[in-house]
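Engineer: Contents of upload.txt (compact mmCIF, C-alpha atoms) are given next:
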# COMPACT_ATOMS: atom_id res chain seq x y z
CA MET S 780 -7.32 31.19 7.58
CA ALA S 781 -7.28 28.35 10.08
CA ILE S 782 -9.12 25.08 9.60
CA ALA S 783 -9.88 23.13 12.76
CA THR S 784 -8.80 19.52 12.70
CA GLU S 785 -7.66 16.71 14.95
CA THR S 786 -3.93 16.22 15.42
CA GLN S 787 -4.19 13.08 13.32
CA PHE S 788 -1.31 12.29 10.99
CA HIS S 789 -2.19 11.96 7.33
CA VAL S 790 -0.49 9.26 5.26
CA LEU S 791 -0.54 8.96 1.47
CA ALA S 792 -0.20 5.27 0.52
CA VAL S 793 0.86 4.35 -3.01
CA ASP S 794 0.57 0.81 -4.40
CA ASP S 795 -0.52 -0.63 -7.74
CA SER S 796 -1.91 -3.76 -6.05
CA ILE S 797 -5.53 -3.41 -4.94
CA ILE S 798 -5.00 -6.02 -2.21
CA ASP S 799 -1.98 -4.23 -0.78
CA ARG S 800 -3.77 -0.87 -0.93
CA LYS S 801 -6.66 -2.29 1.09
CA LEU S 802 -4.25 -3.90 3.53
CA ILE S 803 -2.06 -0.84 4.07
CA GLU S 804 -5.14 1.37 4.43
CA ARG S 805 -6.51 -0.90 7.16
CA LEU S 806 -3.13 -1.12 8.92
CA LEU S 807 -2.78 2.66 8.97
CA LYS S 808 -6.37 3.28 10.08
CA THR S 809 -5.98 0.73 12.87
CA SER S 810 -2.93 2.73 13.96
CA SER S 811 -5.10 5.89 14.03
CA TYR S 812 -3.71 7.53 10.92
CA GLN S 813 -5.77 9.35 8.34
CA VAL S 814 -5.21 7.62 4.98
CA THR S 815 -5.43 8.42 1.29
CA THR S 816 -4.59 5.62 -1.16
CA VAL S 817 -3.63 5.94 -4.83
CA ASP S 818 -2.57 3.29 -7.35
CA SER S 819 0.38 5.00 -9.05
CA GLY S 820 3.27 7.38 -8.56
CA SER S 821 1.81 9.90 -10.99
CA LYS S 822 -1.48 10.00 -9.04
CA ALA S 823 0.51 10.48 -5.84
CA LEU S 824 2.28 13.49 -7.35
CA GLU S 825 -1.05 14.83 -8.57
CA PHE S 826 -2.50 14.52 -5.07
CA LEU S 827 0.55 16.24 -3.59
CA GLY S 828 0.09 19.04 -6.12
CA LEU S 829 3.58 18.65 -7.55
CA GLN S 830 2.56 18.70 -11.19
CA GLN S 831 0.87 22.05 -10.68
CA ASP S 832 3.83 23.40 -8.70
CA GLU S 833 6.21 22.49 -11.49
CA GLN S 834 4.18 24.27 -14.19
CA VAL S 835 5.67 27.65 -15.03
CA ASP S 836 2.55 29.19 -16.52
CA SER S 837 -0.14 28.70 -13.90
CA SER S 838 -2.78 30.32 -16.11
CA SER S 839 -2.64 27.35 -18.47
CA SER S 840 -3.14 24.81 -15.70
CA ASP S 841 -6.57 23.45 -14.94
CA SER S 842 -7.20 24.55 -11.37
CA SER S 843 -10.31 22.36 -11.20
CA SER S 844 -8.04 19.32 -10.98
CA THR S 845 -7.11 20.36 -7.45
CA THR S 846 -9.41 18.57 -5.04
CA PRO S 847 -10.48 20.21 -1.76
CA GLU S 848 -8.47 17.62 0.17
CA GLN S 849 -5.29 18.78 -1.49
CA ASN S 850 -5.77 22.28 -0.17
CA GLU S 851 -6.97 21.33 3.28
CA ILE S 852 -5.04 18.21 4.26
CA GLU S 853 -1.33 18.14 4.81
CA VAL S 854 0.44 14.90 3.98
CA ASN S 855 2.71 13.94 6.88
CA LEU S 856 4.19 10.84 5.26
CA VAL S 857 4.22 9.01 1.94
CA ILE S 858 4.44 5.21 1.99
CA THR S 859 4.99 3.66 -1.42
CA ASP S 860 5.58 0.29 -3.01
CA TYR S 861 8.93 0.00 -4.78
CA CYS S 862 7.94 -2.12 -7.76
CA MET S 863 5.18 -0.40 -9.75
CA PRO S 864 4.63 -0.11 -13.51
CA GLY S 865 5.54 3.25 -15.04
CA MET S 866 6.85 5.31 -12.16
CA THR S 867 8.52 3.10 -9.55
CA GLY S 868 8.58 3.90 -5.86
CA TYR S 869 12.20 4.94 -6.26
CA ASP S 870 11.24 7.37 -9.05
CA LEU S 871 8.49 8.81 -6.85
CA LEU S 872 10.94 9.19 -3.96
CA LYS S 873 13.38 11.06 -6.22
CA LYS S 874 10.68 13.41 -7.50
CA ILE S 875 9.53 14.21 -3.97
CA LYS S 876 13.07 14.85 -2.75
CA GLU S 877 13.85 17.02 -5.80
CA SER S 878 10.79 19.20 -5.17
CA GLN S 879 11.33 22.32 -3.09
CA SER S 880 7.80 22.19 -1.69
CA LEU S 881 7.70 18.46 -0.91
CA LYS S 882 11.25 17.48 0.01
CA ASP S 883 10.57 17.54 3.76
CA ILE S 884 7.77 14.99 3.56
CA PRO S 885 9.10 11.69 4.95
CA VAL S 886 8.96 8.81 2.45
CA VAL S 887 8.86 5.11 3.37
CA ILE S 888 9.43 2.41 0.74
CA MET S 889 7.82 -1.04 0.81
CA SER S 890 9.05 -4.03 -1.16
CA SER S 891 8.36 -7.75 -1.32
CA GLU S 892 11.99 -8.41 -2.22
CA ASN S 893 14.92 -8.09 0.16
CA VAL S 894 17.55 -6.67 -2.21
CA PRO S 895 20.35 -4.88 -0.29
CA SER S 896 21.40 -2.70 -3.25
CA ARG S 897 17.79 -1.56 -3.68
CA ILE S 898 17.44 -0.80 0.03
CA ASN S 899 20.69 1.21 0.10
CA ARG S 900 19.75 3.14 -3.03
CA CYS S 901 16.42 4.19 -1.51
CA LEU S 902 17.94 5.15 1.84
CA GLU S 903 20.69 7.15 0.11
CA GLU S 904 18.05 8.99 -1.92
CA GLY S 905 16.35 10.08 1.31
CA ALA S 906 13.86 7.34 2.26
CA GLU S 907 13.26 7.15 6.01
CA GLU S 908 12.53 3.42 6.12
CA PHE S 909 12.45 0.36 3.89
CA LEU S 910 9.74 -2.09 4.93
CA LEU S 911 9.52 -5.66 3.69
CA LYS S 912 6.13 -6.86 2.49
CA PRO S 913 3.76 -8.08 3.68
CA VAL S 914 3.71 -5.07 6.00
CA LYS S 915 2.59 -5.90 9.53
CA LEU S 916 0.86 -3.97 12.29
CA SER S 917 4.13 -3.83 14.24
CA ASP S 918 5.76 -1.98 11.32
CA MET S 919 3.34 0.90 11.81
CA ASN S 920 5.11 1.87 15.05
CA ARG S 921 8.19 2.72 13.00
CA LEU S 922 6.35 5.44 11.06
CA ARG S 923 5.40 7.85 13.85
CA PRO S 924 8.91 9.15 14.69
CA HIS S 925 9.42 10.14 11.04
CA MET S 926 6.13 12.01 10.97
CA LEU S 927 7.01 13.90 14.13
CA LYS S 928 10.36 14.78 12.60
CA GLY S 929 8.64 15.96 9.43
CA ARG S 930 6.17 18.04 11.39
CA GLY S 931 9.01 19.59 13.40
CA ARG S 932 10.70 20.66 10.17
CA ASP S 933 7.43 22.17 8.96
CA GLN S 934 7.05 24.23 12.12
CA LYS S 935 10.65 25.43 11.94
CA GLN S 936 10.21 26.38 8.29
CA GLN S 937 7.02 28.26 9.12
CA GLN S 938 8.76 30.19 11.90
CA GLU S 939 11.55 31.16 9.51
CA GLU S 940 9.01 32.30 6.93
CA ASN S 941 7.20 34.38 9.56
CA GLN S 942 10.48 35.99 10.61
CA GLU S 943 11.27 36.86 7.00
CA GLN S 944 7.86 38.46 6.57
CA ASN S 945 8.27 40.51 9.76
CA GLN S 946 11.55 41.99 8.54
CA SER S 947 10.71 44.68 5.99
CA PRO S 948 12.23 43.50 2.71
CA SER S 949 14.23 45.82 0.49
CA SER S 950 12.50 47.09 -2.66
CA GLY S 951 14.60 44.69 -4.73
CA ASN S 952 13.16 41.70 -2.89
CA LYS S 953 9.54 42.84 -2.94
CA ARG S 954 8.88 41.71 -6.49
CA LYS S 955 10.62 38.40 -5.89
CA ALA S 956 8.51 37.75 -2.81
CA ALA S 957 5.35 38.59 -4.70
CA ASP S 958 6.34 36.37 -7.61
CA GLU S 959 7.13 33.41 -5.40
CA GLY S 960 4.06 33.71 -3.19
CA PRO S 961 1.72 30.75 -3.55
CA SER S 962 -1.32 31.26 -5.73
CA PRO S 963 -4.66 30.31 -4.10
CA GLU S 964 -4.96 27.05 -6.00
CA ARG S 965 -1.45 26.00 -5.03
CA THR S 966 -1.57 26.54 -1.28
CA ARG S 967 -0.46 23.60 0.82
CA ALA S 968 -1.78 23.26 4.32
CA ARG S 969 0.72 23.03 7.15
CA TYR S 970 0.28 22.33 10.82
CA SER S 971 0.86 25.29 13.06
CA SER S 972 2.15 24.87 16.59
CA ASN S 973 -1.36 24.82 18.05
CA SER S 974 -2.08 21.70 15.97
CA SER S 975 -4.80 23.25 13.84
CA LEU S 976 -4.37 23.35 10.10
CA THR S 977 -3.24 26.66 8.69
CA VAL S 978 -3.36 27.39 4.99
CA LEU S 979 -0.39 29.53 4.04
CA MET B 1131 -29.54 -23.89 14.32
CA ASP B 1132 -26.69 -25.27 16.45
CA TYR B 1133 -24.26 -22.32 16.54
CA SER B 1134 -21.70 -24.06 18.75
CA ASN B 1135 -21.50 -26.91 16.26
CA LEU B 1136 -20.98 -24.45 13.38
CA GLN B 1137 -18.31 -22.66 15.39
CA ARG B 1138 -16.51 -25.94 16.02
CA LYS B 1139 -16.67 -26.78 12.31
CA ALA B 1140 -15.31 -23.36 11.35
CA ALA B 1141 -12.50 -23.62 13.91
CA TYR B 1142 -11.60 -27.11 12.69
CA LEU B 1143 -11.59 -26.01 9.04
CA ARG B 1144 -9.44 -22.99 9.90
CA LYS B 1145 -6.96 -25.18 11.79
CA SER B 1146 -6.75 -27.64 8.90
CA LEU B 1147 -6.00 -24.80 6.47
CA PHE B 1148 -2.97 -23.90 8.58
CA ASP B 1149 -1.93 -27.49 9.31
CA GLN B 1150 -2.00 -28.42 5.62
CA GLY B 1151 0.01 -25.33 4.69
CA TYR B 1152 -2.69 -23.53 2.73
CA LEU B 1153 -2.43 -20.52 5.05
CA ASP B 1154 0.41 -18.98 7.05
CA GLU B 1155 0.81 -16.39 9.83
CA GLN B 1156 -0.03 -13.51 7.47
CA PHE B 1157 -3.65 -14.70 7.53
CA ASP B 1158 -3.51 -14.24 11.33
CA GLN B 1159 -2.34 -10.68 10.69
CA LEU B 1160 -5.41 -10.05 8.52
CA GLU B 1161 -7.67 -11.39 11.25
CA GLU B 1162 -6.05 -9.02 13.75
CA LEU B 1163 -7.21 -6.12 11.58
CA GLN B 1164 -10.82 -7.28 11.80
CA ASP B 1165 -13.01 -5.67 14.45
CA GLU B 1166 -16.59 -4.65 15.23
CA VAL B 1167 -16.31 -1.71 12.83
CA ASN B 1168 -14.88 -3.91 10.05
CA PRO B 1169 -16.30 -7.38 10.80
CA ASN B 1170 -15.90 -8.61 7.20
CA PHE B 1171 -12.41 -7.29 6.51
CA VAL B 1172 -10.74 -10.68 5.94
CA GLU B 1173 -13.49 -11.93 3.66
CA GLU B 1174 -13.40 -8.67 1.68
CA VAL B 1175 -9.63 -8.94 1.17
CA VAL B 1176 -9.87 -12.62 0.21
CA THR B 1177 -12.70 -11.87 -2.25
CA LEU B 1178 -10.57 -9.11 -3.79
CA PHE B 1179 -7.65 -11.52 -3.96
CA PHE B 1180 -9.57 -14.15 -5.93
CA LYS B 1181 -10.97 -11.55 -8.30
CA ASP B 1182 -7.53 -10.02 -8.95
CA SER B 1183 -5.64 -13.33 -9.04
CA SER B 1184 -8.09 -14.78 -11.58
CA ARG B 1185 -7.27 -11.84 -13.85
CA LEU B 1186 -3.52 -12.44 -13.41
CA LEU B 1187 -3.86 -16.19 -14.03
CA ASN B 1188 -5.72 -15.40 -17.23
CA ASN B 1189 -2.94 -13.00 -18.27
CA ILE B 1190 -0.30 -15.69 -17.66
CA ASP B 1191 -2.38 -18.24 -19.58
CA GLN B 1192 -2.53 -15.91 -22.58
CA ALA B 1193 1.16 -15.03 -22.33
CA LEU B 1194 2.15 -18.71 -22.27
CA GLU B 1195 0.02 -19.27 -25.35
CA LYS B 1196 0.91 -16.18 -27.40
CA SER B 1197 4.45 -15.29 -26.31
CA PRO B 1198 5.88 -18.25 -24.38
CA ASN B 1199 9.45 -17.00 -24.65
CA ASP B 1200 8.72 -13.61 -23.13
CA PHE B 1201 9.98 -14.64 -19.71
CA ARG B 1202 10.12 -11.06 -18.51
CA LYS B 1203 6.38 -10.62 -19.07
CA LEU B 1204 5.63 -13.98 -17.44
CA ASP B 1205 7.78 -13.07 -14.44
CA THR B 1206 6.10 -9.65 -14.10
CA TYR B 1207 2.64 -11.22 -13.94
CA MET B 1208 3.77 -13.91 -11.54
CA HIS B 1209 5.54 -11.34 -9.37
CA GLN B 1210 2.20 -9.55 -8.96
CA LEU B 1211 0.41 -12.78 -8.10
CA GLN B 1212 3.16 -13.80 -5.69
CA GLY B 1213 2.83 -10.44 -3.91
CA SER B 1214 -0.92 -10.86 -3.49
CA THR B 1215 -0.62 -14.44 -2.22
CA SER B 1216 1.97 -13.27 0.28
CA SER B 1217 -0.29 -10.44 1.47
CA ILE B 1218 -3.21 -12.75 2.28
CA GLY B 1219 -1.04 -15.59 3.60
CA ALA B 1220 -1.81 -18.13 0.86
CA PHE B 1221 1.34 -20.14 1.55
CA ARG B 1222 0.99 -23.05 -0.88
CA VAL B 1223 0.03 -20.84 -3.82
CA LYS B 1224 2.91 -18.49 -2.99
CA ARG B 1225 5.36 -21.42 -2.92
CA GLU B 1226 4.30 -22.48 -6.42
CA CYS B 1227 4.56 -18.88 -7.64
CA THR B 1228 8.15 -18.80 -6.38
CA LEU B 1229 8.97 -22.02 -8.28
CA PHE B 1230 7.41 -20.61 -11.46
CA ARG B 1231 9.61 -17.51 -11.18
CA GLU B 1232 12.68 -19.70 -10.74
CA TYR B 1233 11.83 -21.44 -14.02
CA CYS B 1234 11.40 -18.00 -15.62
CA ASP B 1235 14.84 -17.06 -14.38
CA LYS B 1236 16.28 -20.19 -16.02
CA GLU B 1237 14.17 -19.54 -19.14
CA ASN B 1238 12.75 -23.05 -18.82
CA ILE B 1239 9.41 -22.97 -20.63
CA GLU B 1240 8.54 -26.60 -19.83
CA GLY B 1241 9.13 -25.94 -16.16
CA CYS B 1242 6.99 -22.81 -16.37
CA VAL B 1243 4.09 -24.68 -17.98
CA LYS B 1244 4.19 -27.52 -15.42
CA SER B 1245 4.59 -25.11 -12.53
CA PHE B 1246 1.71 -22.97 -13.78
CA GLN B 1247 -0.61 -25.98 -13.72
CA LYS B 1248 0.31 -26.45 -10.05
CA VAL B 1249 -0.29 -22.76 -9.33
CA LYS B 1250 -3.77 -23.01 -10.85
CA ARG B 1251 -4.51 -26.23 -8.98
CA GLU B 1252 -3.43 -24.82 -5.60
CA HIS B 1253 -5.34 -21.62 -6.32
CA ALA B 1254 -8.55 -23.55 -7.10
CA VAL B 1255 -8.27 -25.73 -3.98
CA LEU B 1256 -7.64 -22.71 -1.76
CA ARG B 1257 -10.61 -20.90 -3.26
CA GLN B 1258 -12.89 -23.85 -2.60
CA LYS B 1259 -11.67 -24.26 0.99
CA LEU B 1260 -11.85 -20.57 1.86
CA GLU B 1261 -15.33 -20.23 0.36
CA ALA B 1262 -16.47 -23.10 2.57
CA TYR B 1263 -14.78 -21.49 5.58
CA PHE B 1264 -16.38 -18.08 5.07
CA GLN B 1265 -19.75 -19.66 4.44
CA LEU B 1266 -19.49 -21.32 7.85
CA LEU B 1267 -18.42 -18.05 9.44
CA ARG B 1268 -21.39 -16.22 7.95
CA GLN B 1269 -23.69 -18.79 9.54
CA THR B 1270 -22.14 -18.30 12.98
CA GLY B 1271 -23.35 -14.69 13.03
CA PRO B 1272 -21.72 -11.24 13.01
CA VAL B 1273 -20.60 -11.20 16.66
CA GLU B 1274 -18.64 -14.41 16.28
CA ARG B 1275 -17.08 -13.25 13.05
CA ALA B 1276 -16.04 -9.94 14.57
CA THR B 1277 -14.32 -11.55 17.53
CA ARG B 1278 -12.87 -14.55 15.73
CA ALA B 1279 -9.39 -13.05 15.52
CA SER B 1280 -9.09 -12.84 19.28
CA ASN B 1281 -10.33 -16.39 19.89
Show the structure stored in the file as structure tokens.

Structural biologist:
Amino acid sequence: MAIATETQFHVLAVDDSIIDRKLIERLLKTSSYQVTTVDSGSKALEFLGLQQDEQVDSSSSDSSSTTPEQNEIEVNLVITDYCMPGMTGYDLLKKIKESQSLKDIPVVIMSSENVPSRINRCLEEGAEEFLLKPVKLSDMNRLRPHMLKGRGRDQKQQQEENQEQNQSPSSGNKRKAADEGPSPERTRARYSSNSSLTVL
Amino acid sequence: MDYSNLQRKAAYLRKSLFDQGYLDEQFDQLEELQDEVNPNFVEEVVTLFFKDSSRLLNNIDQALEKSPNDFRKLDTYMHQLQGSTSSIGAFRVKRECTLFREYCDKENIEGCVKSFQKVKREHAVLRQKLEAYFQLLRQTGPVERATRASN
């Protein structure tokens, strides 16, 4: 099933400060990105569908908690504040990079404090950029290359998956493929090469 | 109503806010994000700031009263306030927030109390000045407000 959409990049912005959320949303929209803002790392994971992905018994999960946006909009980049109560930006970064389904999403960290050890730790964990707050309009130019890279990985992954499906699997693999196939409420949208959204 | 006179007043007040160090270049950045589609963006952000910062100031007030030696809690609240002041370009308030956090780091409660009074004072003055500024802008009409950033 294909869902028509513009080739607009979608950014998930995470910040516990209402002022910074409003500011980052405006910066991203001015730079022609589609934006979703949340106020915590746990809400970001919820939006990305990670909590559902990690549940073993899908029958016990409440599928109504999945919003339509989650199924229809791919997140091309996550930009998160570092210092947040509960789950920090670093914790969120780690969870994304540890997840099989989300690890290719580029993550950018923002912080009001220029602490080299903090910056290195985030970059080593897989962050694409570390932006110092307050974030400026000029910083937005640094995001696009990472999104293009992320999208390229998505397309490559999709091609590989298509190739695997075309090759007839042995009977031993059939069950495994069926078991690992995404359930309807867990499907994540990906961009296909013709820039329309395709739900896998 | 003499619009050109109001515009001059608004421009003068804006300039004085920068000259006296109440605002810095981050406020310019906010104005750059204002356009015909979002003509009130700066005022909306500033209104949000004063609502949120009042809550944080109240939290610090209570923390100083109930648990004055919990410097970690005091620093956490002030860190949040400092971040917000930085995001809107409230330079003088931000400077006092930085001093407060330095006193927290040294676990100097007297310094914290004195510094907090300055934070509140700077915050109140900025609020008064920005309210006057936005009131003038509202009187100059939507077109002027929308294009103010590029003037």

Engineer: How far is it from CA of Leu1143 (chain B) to CA of Glu1261 (chain B), in Å with one decimal?

Structural biologist: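 CA of Glu1261 (chain B) lies at a distance of 11.1 Å from CA of Leu1143 (chain B).
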
Engineer: Using all atoms listed in the file for the distances, tell me which of B:Asp1182, B:Glu1232, B:Glu1195, B:Asp1154 is nearest to chain S.

Structural biologist: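 Closest candidate: B:Asp1182.
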
Engineer: Compute the set of chain B residues within 7 Å of chain S, using all atoms listed in the file, and express it as a list in words.

Structural biologist: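 On the chain B side, the interface is Gln1159, Leu1163, Val1175, Leu1178, Phe1179, Gly1213, Ser1214, Ser1216 and Ser1217 of chain B.
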
Engineer: Pull C-alpha atoms from the residues just selected and write them as a PDB file, in the frame of the given file.

Structural biologist:
ATOM      1  CA  GLN B1159      -2.340 -10.680  10.690  1.00  0.00           C
ATOM      2  CA  LEU B1163      -7.210  -6.120  11.580  1.00  0.00           C
ATOM      3  CA  VAL B1175      -9.630  -8.940   1.170  1.00  0.00           C
ATOM      4  CA  LEU B1178     -10.570  -9.110  -3.790  1.00  0.00           C
ATOM      5  CA  PHE B1179      -7.650 -11.520  -3.960  1.00  0.00           C
ATOM      6  CA  GLY B1213       2.830 -10.440  -3.910  1.00  0.00           C
ATOM      7  CA  SER B1214      -0.920 -10.860  -3.490  1.00  0.00           C
ATOM      8  CA  SER B1216       1.970 -13.270   0.280  1.00  0.00           C
ATOM      9  CA  SER B1217      -0.290 -10.440   1.470  1.00  0.00           C
TER      10      SER B1217
END

Engineer: Measuring atom to atom with all atoms listed in the file, identify which of B:Cys1242, B:Leu1211, B:Val1172, B:Leu1147 is nearest to Asn1199 (chain B).

Structural biologist: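 Selected residue with least distance to Asn1199 (chain B): B:Cys1242.
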
Engineer: Can you tell me how far CA of Ile803 (chain S) sits from CA of Asp818 (chain S), in Å to one decimal?

Structural biologist: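 Those two atoms sit 12.2 Å apart.
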
Engineer: For CA of Ile884 (chain S) and CA of His925 (chain S), quote the distance in Å rounded to one decimal.

Structural biologist: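 Answer for the CA of Ile884 (chain S) to CA of His925 (chain S) separation: 9.1 Å.
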
Engineer: Can you pull out the residues contacting Val814 (chain S)? Cut-off 8 Å, using only C-alpha atoms, and skip same-chain residues under 3 positions away; I want them as number ranges by chain.

Structural biologist: S: 789-792, 804, 807-808

Engineer: What are the centre and edge lengths in Å, to one decimal, of the axis-aligned box around all listed atoms of region 1188-1199 of chain B with 8 Å added on each side, as AutoDock Vina command-line options?

Structural biologist:
--center_x 1.9 --center_y -16.1 --center_z -22.3 --size_x 31.2 --size_y 22.3 --size_z 26.2

Engineer: Fewer than 3 positions away in the same chain doesn't count, so skip those; otherwise give me all residues within 8 Å of region 1246-1252 of chain B, counting all atoms listed in the file, as a PyMOL selection string.

Structural biologist: chain B and resi 1187+1222-1223+1226-1227+1230+1242-1243+1255-1256

Engineer: Between B:Lys1236, B:Arg1225, B:Lys1181, B:Arg1268, which is the closest to Arg1202 (chain B) once you count all atoms listed in the file?

Structural biologist: B:Lys1236

Engineer: For each of S:Asp860, S:Glu877, S:Asp870, S:Glu904, take the minimum atom-to-atom distance to Val793 (chain S), counting only C-alpha atoms, then give the residue where this is smallest.

Structural biologist: S:Asp860

Engineer: Find the residues around Met889 (chain S) up to 6 Å (all atoms listed in the file counted), leave out those fewer than 6 positions away in its own chain, and share them as a list in words.

Structural biologist: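 The filter keeps Thr859, Asp860, Tyr861, Phe909, Leu910 and Leu911 of chain S.
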